[in-house]
$ cat upload.cif   # mmCIF, C-alpha atoms, pLDDT in the B column; chains and numbers go by the auth columns
data_upload
loop_
_atom_site.group_PDB
_atom_site.id
_atom_site.type_symbol
_atom_site.label_atom_id
_atom_site.label_comp_id
_atom_site.label_asym_id
_atom_site.label_seq_id
_atom_site.Cartn_x
_atom_site.Cartn_y
_atom_site.Cartn_z
_atom_site.B_iso_or_equiv
_atom_site.auth_seq_id
_atom_site.auth_asym_id
ATOM 1 C CA MET A 1 100.809 130.200 54.422 57.00 67 A
ATOM 2 C CA SER A 2 100.467 126.833 52.774 63.00 68 A
ATOM 3 C CA LYS A 3 97.610 124.470 53.590 60.00 69 A
ATOM 4 C CA SER A 4 99.992 121.793 54.872 65.00 70 A
ATOM 5 C CA LEU A 5 101.609 124.269 57.265 59.00 71 A
ATOM 6 C CA LYS A 6 98.206 125.389 58.540 60.00 72 A
ATOM 7 C CA ASN A 7 97.240 121.770 59.158 62.00 73 A
ATOM 8 C CA ALA A 8 100.506 121.168 60.991 57.00 74 A
ATOM 9 C CA LEU A 9 99.938 124.196 63.217 60.00 75 A
ATOM 10 C CA LYS A 10 96.374 123.092 63.944 66.00 76 A
ATOM 11 C CA ALA A 11 97.580 119.614 64.855 59.00 77 A
ATOM 12 C CA THR A 12 100.236 121.084 67.152 66.00 78 A
ATOM 13 C CA ALA A 13 97.663 123.318 68.813 63.00 79 A
ATOM 14 C CA VAL A 14 95.364 120.359 69.387 60.00 80 A
ATOM 15 C CA LEU A 15 98.196 118.331 70.940 63.00 81 A
ATOM 16 C CA VAL A 16 99.112 121.248 73.209 61.00 82 A
ATOM 17 C CA CYS A 17 95.484 121.514 74.355 63.00 83 A
ATOM 18 C CA ILE A 18 95.271 117.768 74.992 68.00 84 A
ATOM 19 C CA THR A 19 98.508 117.880 77.002 59.00 85 A
ATOM 20 C CA ALA A 20 97.238 120.815 79.048 59.00 86 A
ATOM 21 C CA VAL A 21 93.976 118.999 79.794 63.00 87 A
ATOM 22 C CA CYS A 22 95.843 115.823 80.833 50.00 88 A
ATOM 23 C CA ILE A 23 98.087 117.800 83.185 62.00 89 A
ATOM 24 C CA ALA A 24 95.056 119.521 84.683 56.00 90 A
ATOM 25 C CA VAL A 25 93.288 116.186 85.205 55.00 91 A
ATOM 26 C CA LEU A 26 96.357 114.649 86.853 49.00 92 A
ATOM 27 C CA THR A 27 96.702 117.689 89.114 53.00 93 A
ATOM 28 C CA LEU A 28 93.078 117.409 90.189 52.00 94 A
ATOM 29 C CA CYS A 29 93.476 113.665 90.788 44.00 95 A
ATOM 30 C CA ASN A 30 96.480 114.305 93.015 47.00 96 A
ATOM 31 C CA MET A 31 94.484 116.918 94.920 52.00 97 A
ATOM 32 C CA PHE A 32 91.408 114.783 95.507 53.00 98 A
ATOM 33 C CA PHE A 33 93.118 111.376 95.535 49.00 99 A
ATOM 34 C CA PRO A 34 96.465 112.008 97.280 52.00 100 A
ATOM 35 C CA LYS A 35 99.276 109.494 97.368 60.00 101 A
ATOM 36 C CA TYR A 36 98.729 106.745 99.914 64.00 102 A
ATOM 37 C CA LYS A 37 100.137 107.665 103.313 77.00 103 A
ATOM 38 C CA PRO A 38 100.327 104.766 105.781 80.00 104 A
ATOM 39 C CA THR A 39 98.898 105.311 109.222 88.00 105 A
ATOM 40 C CA LEU A 40 98.506 103.051 112.218 93.00 106 A
ATOM 41 C CA ASP A 41 94.768 103.450 112.658 94.00 107 A
ATOM 42 C CA THR A 42 92.580 101.499 115.062 95.00 108 A
ATOM 43 C CA ALA A 43 91.415 99.016 112.410 95.00 109 A
ATOM 44 C CA THR A 44 94.979 98.233 111.291 96.00 110 A
ATOM 45 C CA ALA A 45 96.190 97.795 114.880 97.00 111 A
ATOM 46 C CA LYS A 46 93.315 95.388 115.522 97.00 112 A
ATOM 47 C CA LEU A 47 94.199 93.261 112.488 97.00 113 A
ATOM 48 C CA ILE A 48 97.882 93.202 113.437 97.00 114 A
ATOM 49 C CA ASN A 49 97.080 92.213 117.008 97.00 115 A
ATOM 50 C CA ARG A 50 94.979 89.354 115.652 96.00 116 A
ATOM 51 C CA ILE A 51 97.599 87.852 113.325 96.00 117 A
ATOM 52 C CA CYS A 52 100.561 88.573 115.614 97.00 118 A
ATOM 53 C CA PRO A 53 99.234 88.928 119.186 97.00 119 A
ATOM 54 C CA THR A 54 101.041 91.272 121.542 97.00 120 A
ATOM 55 C CA GLY A 55 99.315 89.979 124.669 97.00 121 A
ATOM 56 C CA GLN A 56 97.579 93.335 125.075 97.00 122 A
ATOM 57 C CA SER A 57 94.111 94.527 124.164 96.00 123 A
ATOM 58 C CA ASP A 58 93.785 96.150 120.750 95.00 124 A
ATOM 59 C CA ALA A 59 93.452 99.610 122.285 94.00 125 A
ATOM 60 C CA ASP A 60 96.394 99.181 124.666 96.00 126 A
ATOM 61 C CA ALA A 61 98.605 97.628 122.000 96.00 127 A
ATOM 62 C CA LYS A 62 98.244 100.752 119.875 95.00 128 A
ATOM 63 C CA LYS A 63 98.207 103.300 122.705 95.00 129 A
ATOM 64 C CA ASP A 64 101.144 101.883 124.649 95.00 130 A
ATOM 65 C CA GLY A 65 103.472 101.260 121.699 94.00 131 A
ATOM 66 C CA TYR A 66 103.223 97.494 121.468 96.00 132 A
ATOM 67 C CA ILE A 67 102.434 98.036 117.789 96.00 133 A
ATOM 68 C CA VAL A 68 104.164 100.870 115.927 96.00 134 A
ATOM 69 C CA LEU A 69 104.443 102.171 112.382 97.00 135 A
ATOM 70 C CA LEU A 70 108.114 102.113 111.421 96.00 136 A
ATOM 71 C CA ASN A 71 109.652 105.020 109.558 95.00 137 A
ATOM 72 C CA GLU A 72 111.620 103.599 106.642 94.00 138 A
ATOM 73 C CA ASP A 73 114.604 105.763 107.588 94.00 139 A
ATOM 74 C CA SER A 74 114.849 103.854 110.875 95.00 140 A
ATOM 75 C CA TYR A 75 115.807 100.666 109.048 96.00 141 A
ATOM 76 C CA GLY A 76 117.558 102.218 106.053 96.00 142 A
ATOM 77 C CA ALA A 77 114.950 101.526 103.386 96.00 143 A
ATOM 78 C CA ASN A 78 113.451 103.465 100.519 96.00 144 A
ATOM 79 C CA ILE A 79 110.102 101.858 99.803 96.00 145 A
ATOM 80 C CA ALA A 80 109.518 103.859 96.620 96.00 146 A
ATOM 81 C CA SER A 81 112.859 102.744 95.165 96.00 147 A
ATOM 82 C CA PHE A 82 112.228 99.141 96.179 97.00 148 A
ATOM 83 C CA ASN A 83 108.833 99.180 94.473 97.00 149 A
ATOM 84 C CA LYS A 84 110.311 100.728 91.353 96.00 150 A
ATOM 85 C CA SER A 85 113.033 98.096 91.105 96.00 151 A
ATOM 86 C CA ASN A 86 110.449 95.336 91.622 96.00 152 A
ATOM 87 C CA LYS A 87 107.825 96.728 89.256 94.00 153 A
ATOM 88 C CA SER A 88 107.734 93.474 87.280 94.00 154 A
ATOM 89 C CA ARG A 89 106.307 91.684 90.329 92.00 155 A
ATOM 90 C CA LYS A 90 103.059 93.667 89.938 94.00 156 A
ATOM 91 C CA ALA A 91 102.812 94.386 93.657 96.00 157 A
ATOM 92 C CA GLU A 92 103.957 97.152 96.005 97.00 158 A
ATOM 93 C CA ILE A 93 105.095 97.565 99.587 97.00 159 A
ATOM 94 C CA LEU A 94 102.990 100.137 101.435 97.00 160 A
ATOM 95 C CA ALA A 95 104.240 100.135 105.030 97.00 161 A
ATOM 96 C CA VAL A 96 106.036 98.222 107.764 98.00 162 A
ATOM 97 C CA TYR A 97 104.718 97.930 111.320 98.00 163 A
ATOM 98 C CA GLY A 98 106.600 96.448 114.234 97.00 164 A
ATOM 99 C CA GLU A 99 106.156 95.040 117.719 97.00 165 A
ATOM 100 C CA PRO A 100 109.051 96.289 119.848 96.00 166 A
ATOM 101 C CA LYS A 101 107.639 94.680 122.994 93.00 167 A
ATOM 102 C CA GLY A 102 105.019 92.171 124.070 93.00 168 A
ATOM 103 C CA ASP A 103 104.462 88.476 123.395 95.00 169 A
ATOM 104 C CA ASN A 104 105.853 88.735 119.850 95.00 170 A
ATOM 105 C CA MET A 105 108.616 91.208 120.553 94.00 171 A
ATOM 106 C CA GLU A 106 110.653 92.029 117.423 93.00 172 A
ATOM 107 C CA ALA A 107 108.023 90.642 115.088 97.00 173 A
ATOM 108 C CA TYR A 108 107.150 92.917 112.189 98.00 174 A
ATOM 109 C CA ILE A 109 104.293 93.181 109.753 98.00 175 A
ATOM 110 C CA ILE A 110 104.554 94.217 106.119 98.00 176 A
ATOM 111 C CA GLU A 111 101.605 95.803 104.330 98.00 177 A
ATOM 112 C CA ALA A 112 101.544 95.248 100.570 97.00 178 A
ATOM 113 C CA LYS A 113 99.082 95.536 97.721 96.00 179 A
ATOM 114 C CA SER A 114 98.483 94.024 94.298 93.00 180 A
ATOM 115 C CA SER A 115 95.716 94.447 91.733 90.00 181 A
ATOM 116 C CA GLY A 116 92.962 91.850 91.700 81.00 182 A
ATOM 117 C CA ARG A 117 89.905 91.476 89.521 82.00 183 A
ATOM 118 C CA ASP A 118 88.037 94.465 90.941 81.00 184 A
ATOM 119 C CA GLY A 119 90.734 96.659 92.452 85.00 185 A
ATOM 120 C CA ASP A 120 93.623 96.563 94.877 90.00 186 A
ATOM 121 C CA VAL A 121 93.966 93.776 97.409 91.00 187 A
ATOM 122 C CA VAL A 122 95.920 94.829 100.508 95.00 188 A
ATOM 123 C CA ILE A 123 97.580 92.146 102.641 95.00 189 A
ATOM 124 C CA LEU A 124 99.258 92.245 106.041 97.00 190 A
ATOM 125 C CA THR A 125 101.957 89.576 106.490 97.00 191 A
ATOM 126 C CA ALA A 126 103.635 89.059 109.875 97.00 192 A
ATOM 127 C CA TYR A 127 107.213 87.796 110.328 97.00 193 A
ATOM 128 C CA ARG A 128 109.218 86.514 113.252 96.00 194 A
ATOM 129 C CA GLY A 129 112.334 84.374 113.432 95.00 195 A
ATOM 130 C CA GLY A 130 112.635 84.149 109.656 95.00 196 A
ATOM 131 C CA LYS A 131 109.151 82.657 109.286 95.00 197 A
ATOM 132 C CA ILE A 132 105.705 83.882 108.308 96.00 198 A
ATOM 133 C CA VAL A 133 103.681 83.787 111.515 96.00 199 A
ATOM 134 C CA GLY A 134 100.451 85.390 110.363 95.00 200 A
ATOM 135 C CA ALA A 135 98.641 87.029 107.481 95.00 201 A
ATOM 136 C CA THR A 136 95.302 88.595 106.714 95.00 202 A
ATOM 137 C CA VAL A 137 93.461 90.660 104.136 93.00 203 A
ATOM 138 C CA LYS A 138 93.233 94.322 105.099 94.00 204 A
ATOM 139 C CA LYS A 139 91.301 95.521 102.054 91.00 205 A
ATOM 140 C CA GLN A 140 89.606 93.921 99.060 86.00 206 A
ATOM 141 C CA SER A 141 86.638 94.521 96.799 83.00 207 A
ATOM 142 C CA GLU A 142 86.765 91.284 94.842 78.00 208 A
ATOM 143 C CA SER A 143 83.553 89.921 93.331 77.00 209 A
ATOM 144 C CA TYR A 144 84.673 86.321 93.772 72.00 210 A
ATOM 145 C CA PHE A 145 86.438 86.680 97.108 77.00 211 A
ATOM 146 C CA GLY A 146 83.920 84.389 98.755 75.00 212 A
ATOM 147 C CA LYS A 147 85.162 81.527 96.582 76.00 213 A
ATOM 148 C CA LEU A 148 88.511 81.550 98.395 81.00 214 A
ATOM 149 C CA PRO A 149 88.825 79.185 101.383 81.00 215 A
ATOM 150 C CA SER A 150 88.457 80.790 104.814 81.00 216 A
ATOM 151 C CA ASN A 151 91.727 79.157 105.916 84.00 217 A
ATOM 152 C CA LEU A 152 93.580 80.483 102.878 84.00 218 A
ATOM 153 C CA PHE A 153 96.621 81.704 104.811 89.00 219 A
ATOM 154 C CA ASP A 154 97.099 78.514 106.804 87.00 220 A
ATOM 155 C CA SER A 155 99.181 77.239 103.910 81.00 221 A
ATOM 156 C CA VAL A 156 101.845 79.926 104.394 88.00 222 A
ATOM 157 C CA PHE A 157 102.136 79.956 108.200 90.00 223 A
ATOM 158 C CA GLY A 158 105.580 78.729 109.152 90.00 224 A
ATOM 159 C CA ALA A 159 106.867 79.204 105.610 89.00 225 A
ATOM 160 C CA ASP A 160 110.302 80.639 104.925 92.00 226 A
ATOM 161 C CA ALA A 161 109.980 84.416 105.146 92.00 227 A
ATOM 162 C CA PHE A 162 112.476 85.016 102.388 94.00 228 A
ATOM 163 C CA SER A 163 111.228 82.747 99.576 92.00 229 A
ATOM 164 C CA ASP A 164 108.270 82.954 97.223 91.00 230 A
ATOM 165 C CA VAL A 165 105.212 80.906 98.083 88.00 231 A
ATOM 166 C CA ASN A 166 102.932 79.324 95.492 85.00 232 A
ATOM 167 C CA MET A 167 99.469 79.517 96.974 78.00 233 A
ATOM 168 C CA LYS A 168 97.770 78.410 93.769 71.00 234 A
ATOM 169 C CA ASP A 169 99.513 75.028 93.921 66.00 235 A
ATOM 170 C CA ILE A 170 98.497 74.594 97.550 62.00 236 A
ATOM 171 C CA VAL A 171 94.932 75.877 97.351 62.00 237 A
ATOM 172 C CA GLY A 172 94.137 74.611 93.861 61.00 238 A
ATOM 173 C CA LYS A 173 91.345 75.897 91.637 62.00 239 A
ATOM 174 C CA THR A 174 88.964 78.194 93.459 63.00 240 A
ATOM 175 C CA GLY A 175 87.048 80.123 90.817 62.00 241 A
ATOM 176 C CA ALA A 176 88.782 83.271 92.044 70.00 242 A
ATOM 177 C CA THR A 177 92.102 82.979 90.249 77.00 243 A
ATOM 178 C CA LEU A 178 92.731 86.717 89.848 81.00 244 A
ATOM 179 C CA SER A 179 91.998 87.373 93.520 83.00 245 A
ATOM 180 C CA LEU A 180 94.287 84.554 94.631 86.00 246 A
ATOM 181 C CA THR A 181 97.019 85.751 92.284 89.00 247 A
ATOM 182 C CA ALA A 182 96.834 89.244 93.784 90.00 248 A
ATOM 183 C CA ILE A 183 97.127 87.832 97.305 91.00 249 A
ATOM 184 C CA GLU A 184 100.062 85.643 96.311 92.00 250 A
ATOM 185 C CA ARG A 185 101.855 88.592 94.696 94.00 251 A
ATOM 186 C CA ALA A 186 101.348 90.751 97.785 96.00 252 A
ATOM 187 C CA VAL A 187 102.716 88.034 100.089 96.00 253 A
ATOM 188 C CA ASN A 188 105.695 87.391 97.829 96.00 254 A
ATOM 189 C CA ILE A 189 106.665 91.057 97.444 97.00 255 A
ATOM 190 C CA SER A 190 106.516 91.224 101.254 97.00 256 A
ATOM 191 C CA ASN A 191 108.818 88.191 101.455 97.00 257 A
ATOM 192 C CA SER A 192 111.265 89.863 99.075 97.00 258 A
ATOM 193 C CA PHE A 193 111.257 93.018 101.205 98.00 259 A
ATOM 194 C CA ALA A 194 111.743 90.962 104.361 97.00 260 A
ATOM 195 C CA LYS A 195 114.704 89.193 102.789 96.00 261 A
ATOM 196 C CA VAL A 196 116.454 92.515 102.173 97.00 262 A
ATOM 197 C CA TYR A 197 115.563 94.363 105.368 97.00 263 A
ATOM 198 C CA ASN A 198 114.923 91.695 108.019 97.00 264 A
ATOM 199 C CA ASP A 199 118.052 92.374 110.081 97.00 265 A
ATOM 200 C CA SER A 200 117.683 96.155 109.808 97.00 266 A
ATOM 201 C CA ILE A 201 114.038 96.054 110.885 97.00 267 A
ATOM 202 C CA ILE A 202 114.846 93.872 113.891 96.00 268 A
ATOM 203 C CA ALA A 203 117.672 96.237 114.855 96.00 269 A
ATOM 204 C CA ALA A 204 115.266 99.180 114.654 96.00 270 A
ATOM 205 C CA LEU A 205 112.766 97.359 116.875 95.00 271 A
ATOM 206 C CA SER A 206 115.505 96.472 119.343 92.00 272 A
ATOM 207 C CA SER A 207 116.463 100.134 119.550 91.00 273 A
ATOM 208 C CA LEU A 208 112.859 101.105 120.237 86.00 274 A
ATOM 209 C CA ASN A 209 112.586 98.522 122.984 72.00 275 A
ATOM 210 C CA TYR A 210 115.869 99.651 124.533 58.00 276 A
ATOM 211 C CA SER A 211 114.915 103.337 124.442 56.00 277 A
ATOM 212 C CA GLU A 212 111.739 102.575 126.395 59.00 278 A
ATOM 213 C CA ASN A 213 113.506 100.160 128.766 55.00 279 A
ATOM 214 C CA PRO A 214 117.062 101.512 129.133 47.00 280 A
ATOM 215 C CA SER A 215 117.853 99.049 131.908 43.00 281 A
ATOM 216 C CA HIS A 216 117.463 96.208 129.397 39.00 282 A
ATOM 217 C CA GLU A 217 120.252 95.032 127.204 40.00 283 A
ATOM 218 C CA VAL A 218 119.744 95.600 123.481 35.00 284 A
ATOM 219 C CA ARG A 219 118.630 92.372 121.840 36.00 285 A
ATOM 220 C CA ALA A 220 120.701 91.173 118.899 32.00 286 A
#
$ encode --input "upload.cif" --output "structure tokens"
Amino acid sequence: MSKSLKNALKATAVLVCITAVCIAVLTLCNMFFPKYKPTLDTATAKLINRICPTGQSDADAKKDGYIVLLNEDSYGANIASFNKSNKSRKAEILAVYGEPKGDNMEAYIIEAKSSGRDGDVVILTAYRGGKIVGATVKKQSESYFGKLPSNLFDSVFGADAFSDVNMKDIVGKTGATLSLTAIERAVNISNSFAKVYNDSIIAALSSLNYSENPSHEVRA
């Protein structure tokens, strides 16, 4: 066997070993760090009830179905496909919650994430009547987050739900550009999702409200 052939076989063997190790590492990562699965936990319900009040206490809003986690099948969406087709926006949709009854009946809340300076920033953006009616940060680990103004989201309340917002132009320089960019991306990917699925989400919420109150007429 020639020296060149031996070297080629050794190189192939090394590549096979590296591939096997990478597969094993990915498998372990998937085992210990499973794919994100949205849940309507107590903390999320509390945040939603703050930015889009149901008129109920946090506990009752969650327990009595004033705030619900919507299954994407109920409004004809495929979140994974949407994220894939919008990969260039550097943000992802995680979940959609809705309010089928209460003070903000037929409002819905989109949870989205984007990468900041120190990790993912997760934002909840609430919609009703084609407008943004509330927003808040659900998760962040940004070093410079404190440099952002406390009334950061005031600039987007009442904004068109289906168009991009430019928070950097409104807020100006903050010393936390990467954090602000992540927030802006998360809000804008939520707006894009709302633009596509607004009517379907509202129809799904109307159906939920009707199923619990069959004497009521389905809202258009």
$ axis_aligned_box --input "upload.cif" --around "stretch 140-143 of chain A" --padding-each-side "4 Å" --output "JSON"
{"center_x": 116.2, "center_y": 102.3, "center_z": 107.1, "size_x": 10.7, "size_y": 11.2, "size_z": 15.5}
$ residues_around --input "upload.cif" --residues "stretch 130-134 of chain A" --least-positions-apart "6" --cutoff "7 Å" --atoms "all atoms listed in the file" --output "list of chain:residue names"
A:Ala111, A:Thr120, A:Tyr163, A:Gly164, A:Glu165, A:Pro166, A:Lys167, A:Gly168
$ closest_atom_pairs --input "upload.cif" --of "stretch 86-181 of chain A" --to "stretch 253-264 of chain A" --cutoff "7 Å" --atoms "only C-alpha atoms" --output "CSV"
residue,atom,partner,partner_atom,distance
A:Ala157,CA,A:Ile255,CA,6.3
A:Glu158,CA,A:Ile255,CA,6.8
A:Ile159,CA,A:Ser256,CA,6.7
A:Ile176,CA,A:Ser256,CA,6.0
A:Ala178,CA,A:Ser256,CA,6.4
$ residues_near_point --input "upload.cif" --point "(101.0, 101.4, 105.4)" --cutoff "12 Å" --atoms "all atoms listed in the file" --output "ChimeraX atom specification"
/A:101-107,110-111,114,134-138,145,158-164,175-179,188-191,204-205
$ atom_distance --input "upload.cif" --atom1 "atom CA of A:Val199" --atom2 "atom CA of A:Asp126"
21.5 Å
$ closest_residue --input "upload.cif" --among "A:Arg251, A:Asp169, A:Lys213, A:Ala270" --to "A:Lys153" --atoms "all atoms listed in the file"
A:Arg251
$ residues_near_point --input "upload.cif" --point "(113.4, 89.1, 113.7)" --cutoff "10 Å" --atoms "all atoms listed in the file" --output "VMD selection string"
chain A and resid 170 to 174 193 to 197 260 264 to 269 271 to 272 286
$ atom_distance --input "upload.cif" --atom1 "atom CA of A:Asp184" --atom2 "atom CA of A:Thr243"
12.2 Å
$ resolve_selection --input "upload.cif" --expression "the PyMOL selection byres ((chain A and resi 233) around 12)" --output "VMD selection string"
chain A and resid 214 to 215 217 to 223 225 230 to 232 234 to 240 243 245 to 254
$ write_last_selection --input "upload.cif" --atoms "C-alpha atoms" --output "CSV table (one decimal), in the coordinates of the input"
chain,number,residue,atom,x,y,z
A,214,LEU,CA,88.5,81.6,98.4
A,215,PRO,CA,88.8,79.2,101.4
A,217,ASN,CA,91.7,79.2,105.9
A,218,LEU,CA,93.6,80.5,102.9
A,219,PHE,CA,96.6,81.7,104.8
A,220,ASP,CA,97.1,78.5,106.8
A,221,SER,CA,99.2,77.2,103.9
A,222,VAL,CA,101.8,79.9,104.4
A,223,PHE,CA,102.1,80.0,108.2
A,225,ALA,CA,106.9,79.2,105.6
A,230,ASP,CA,108.3,83.0,97.2
A,231,VAL,CA,105.2,80.9,98.1
A,232,ASN,CA,102.9,79.3,95.5
A,234,LYS,CA,97.8,78.4,93.8
A,235,ASP,CA,99.5,75.0,93.9
A,236,ILE,CA,98.5,74.6,97.6
A,237,VAL,CA,94.9,75.9,97.4
A,238,GLY,CA,94.1,74.6,93.9
A,239,LYS,CA,91.3,75.9,91.6
A,240,THR,CA,89.0,78.2,93.5
A,243,THR,CA,92.1,83.0,90.2
A,245,SER,CA,92.0,87.4,93.5
A,246,LEU,CA,94.3,84.6,94.6
A,247,THR,CA,97.0,85.8,92.3
A,248,ALA,CA,96.8,89.2,93.8
A,249,ILE,CA,97.1,87.8,97.3
A,250,GLU,CA,100.1,85.6,96.3
A,251,ARG,CA,101.9,88.6,94.7
A,252,ALA,CA,101.3,90.8,97.8
A,253,VAL,CA,102.7,88.0,100.1
A,254,ASN,CA,105.7,87.4,97.8
$ atom_distance --input "upload.cif" --atom1 "atom CA of A:Phe148" --atom2 "atom CA of A:Asp186"
18.8 Å
